[in-house]
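Below: the structure, in C-alpha cells.
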Amino acid sequence: MNKNNENRSLKKSFSYALQGLIEIYKSQRNFRIQSLIGLIVLIVAIFANLTQVEFILLIFTVMLVLIMETVNTVTEQLLDFLHPFYSSSVKIIKDVSAASVFITSIFAVAIGIIIFGHAFFNLNPKYGIILAIVFLLFLNLCGFIYKKREK
C-alpha cells in the first residue's frame, strides 16, 4: 500500500470515528449528560491544586465513564438489531451492560470525592472510600435479598 492510500485510509478512520461520536452524542441523552459532567469536572480540576497523578486519574475516570457508555450503547444497538423482539435473555444482557456504566459512574464519583474533597475542603480520602463501601454493601444486600427470594 502506498503512502497516499495509507493517509486516505487514516483520514477515513478518523472520519468514521467522528461520525460515531456525533451519533452517540445526538442519540444518547446519558452520554450528553456524562460528557457535560466530565467537562465541568475537568474545568474545575484546572482551578484545584492537584498533583499530576490526580489530574491523570480524573482524566482517566471521565474517559472511562464515556467509554463504558459507548460500549453500553453498542451492546444495546447490536442486540436490538439481532433480536428486535422482546427476549428475557436480551433484557438481562442489556441490564448488565447498563450496570457496568452505573458501577463506573459510582467509581468516578468516589474518585471525585477523594480528589476534590481533599483539594477544596481538606477532607480525608476515606469519604470517597466510604461511598464505595456503601455502594458495595448495598450491592451485596440487594444480592442477598434477591437470592433469598429465589429460594
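Naming scheme: A, B, ... for chains in displayed order of the C-alpha cells; residues 1 onward per chain; ligands 1 onward as shown.
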Using 10 Å as the limit and counting only C-alpha atoms, can you tabulate each residue of range 50-122 of chain A that touches range 29-40 of chain A, with its shortest atom-to-atom distance in Å and the two atoms involved, as JSON lines?
```
{"residue": "A:Leu58", "atom": "CA", "partner": "A:Gly38", "partner_atom": "CA", "distance": 8.9}
{"residue": "A:Ile59", "atom": "CA", "partner": "A:Gly38", "partner_atom": "CA", "distance": 8.4}
{"residue": "A:Thr61", "atom": "CA", "partner": "A:Gly38", "partner_atom": "CA", "distance": 8.8}
{"residue": "A:Val62", "atom": "CA", "partner": "A:Gly38", "partner_atom": "CA", "distance": 5.4}
{"residue": "A:Met63", "atom": "CA", "partner": "A:Gly38", "partner_atom": "CA", "distance": 8.0}
{"residue": "A:Val65", "atom": "CA", "partner": "A:Gln34", "partner_atom": "CA", "distance": 7.4}
{"residue": "A:Leu66", "atom": "CA", "partner": "A:Phe31", "partner_atom": "CA", "distance": 6.7}
{"residue": "A:Ile67", "atom": "CA", "partner": "A:Phe31", "partner_atom": "CA", "distance": 9.5}
{"residue": "A:Met68", "atom": "CA", "partner": "A:Phe31", "partner_atom": "CA", "distance": 9.7}
{"residue": "A:Glu69", "atom": "CA", "partner": "A:Phe31", "partner_atom": "CA", "distance": 6.4}
{"residue": "A:Thr70", "atom": "CA", "partner": "A:Phe31", "partner_atom": "CA", "distance": 7.7}
{"residue": "A:Thr73", "atom": "CA", "partner": "A:Phe31", "partner_atom": "CA", "distance": 9.3}
{"residue": "A:Ser105", "atom": "CA", "partner": "A:Gln34", "partner_atom": "CA", "distance": 9.0}
{"residue": "A:Ala108", "atom": "CA", "partner": "A:Gly38", "partner_atom": "CA", "distance": 9.8}
```
Please dump the current selection as an mmCIF file, in the first residue's frame; keep N, CA and C atoms.
```
data_model
loop_
_atom_site.group_PDB
_atom_site.id
_atom_site.type_symbol
_atom_site.label_atom_id
_atom_site.label_comp_id
_atom_site.auth_asym_id
_atom_site.auth_seq_id
_atom_site.Cartn_x
_atom_site.Cartn_y
_atom_site.Cartn_z
ATOM 1 N N LEU A 58 -8.303 11.792 37.183
ATOM 2 C CA LEU A 58 -9.560 12.433 36.786
ATOM 3 C C LEU A 58 -9.829 12.264 35.297
ATOM 4 N N ILE A 59 -8.824 12.498 34.487
ATOM 5 C CA ILE A 59 -8.997 12.326 33.038
ATOM 6 C C ILE A 59 -9.348 10.873 32.720
ATOM 7 N N THR A 61 -10.745 8.662 34.641
ATOM 8 C CA THR A 61 -12.076 8.335 35.153
ATOM 9 C C THR A 61 -13.175 8.915 34.270
ATOM 10 N N VAL A 62 -13.032 10.167 33.864
ATOM 11 C CA VAL A 62 -14.024 10.796 32.980
ATOM 12 C C VAL A 62 -14.117 10.026 31.668
ATOM 13 N N MET A 63 -12.984 9.710 31.088
ATOM 14 C CA MET A 63 -12.989 8.999 29.810
ATOM 15 C C MET A 63 -13.524 7.580 29.963
ATOM 16 N N VAL A 65 -15.861 6.539 32.002
ATOM 17 C CA VAL A 65 -17.330 6.612 32.039
ATOM 18 C C VAL A 65 -17.873 6.754 30.612
ATOM 19 N N LEU A 66 -17.256 7.621 29.816
ATOM 20 C CA LEU A 66 -17.719 7.813 28.431
ATOM 21 C C LEU A 66 -17.505 6.559 27.590
ATOM 22 N N ILE A 67 -16.387 5.887 27.798
ATOM 23 C CA ILE A 67 -16.139 4.640 27.077
ATOM 24 C C ILE A 67 -17.185 3.591 27.442
ATOM 25 N N MET A 68 -17.477 3.466 28.718
ATOM 26 C CA MET A 68 -18.456 2.465 29.156
ATOM 27 C C MET A 68 -19.849 2.787 28.609
ATOM 28 N N GLU A 69 -20.205 4.056 28.558
ATOM 29 C CA GLU A 69 -21.493 4.440 27.980
ATOM 30 C C GLU A 69 -21.529 4.091 26.494
ATOM 31 N N THR A 70 -20.413 4.285 25.818
ATOM 32 C CA THR A 70 -20.328 3.943 24.397
ATOM 33 C C THR A 70 -20.472 2.435 24.194
ATOM 34 N N THR A 73 -24.027 1.440 24.706
ATOM 35 C CA THR A 73 -24.849 1.807 23.550
ATOM 36 C C THR A 73 -24.641 0.811 22.408
ATOM 37 N N SER A 105 -19.671 4.832 36.994
ATOM 38 C CA SER A 105 -20.055 6.164 37.457
ATOM 39 C C SER A 105 -19.879 6.300 38.968
ATOM 40 N N ALA A 108 -16.315 6.730 39.571
ATOM 41 C CA ALA A 108 -15.912 8.097 39.228
ATOM 42 C C ALA A 108 -16.266 9.079 40.336
#
```
Quiz item: Which neighbours of Ile106 in chain A fall inside 9 Å, counting only C-alpha atoms, when residues of the same chain fewer than 3 positions from it are skipped, and could you give them as a PyMOL selection string?
Solution: chain A and resi 101-103+109-111+131-132+135
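With distances restricted to only C-alpha atoms, A:Ser27 is the closest residue to Val74 in chain A from A:Ser9, A:Asn124, A:Thr104, A:Ser27.
Nearest residue to Phe121 in chain A, choosing from A:Ala48, A:Gly20, A:Asn5, A:Phe14 and counting only C-alpha atoms: A:Ala48.
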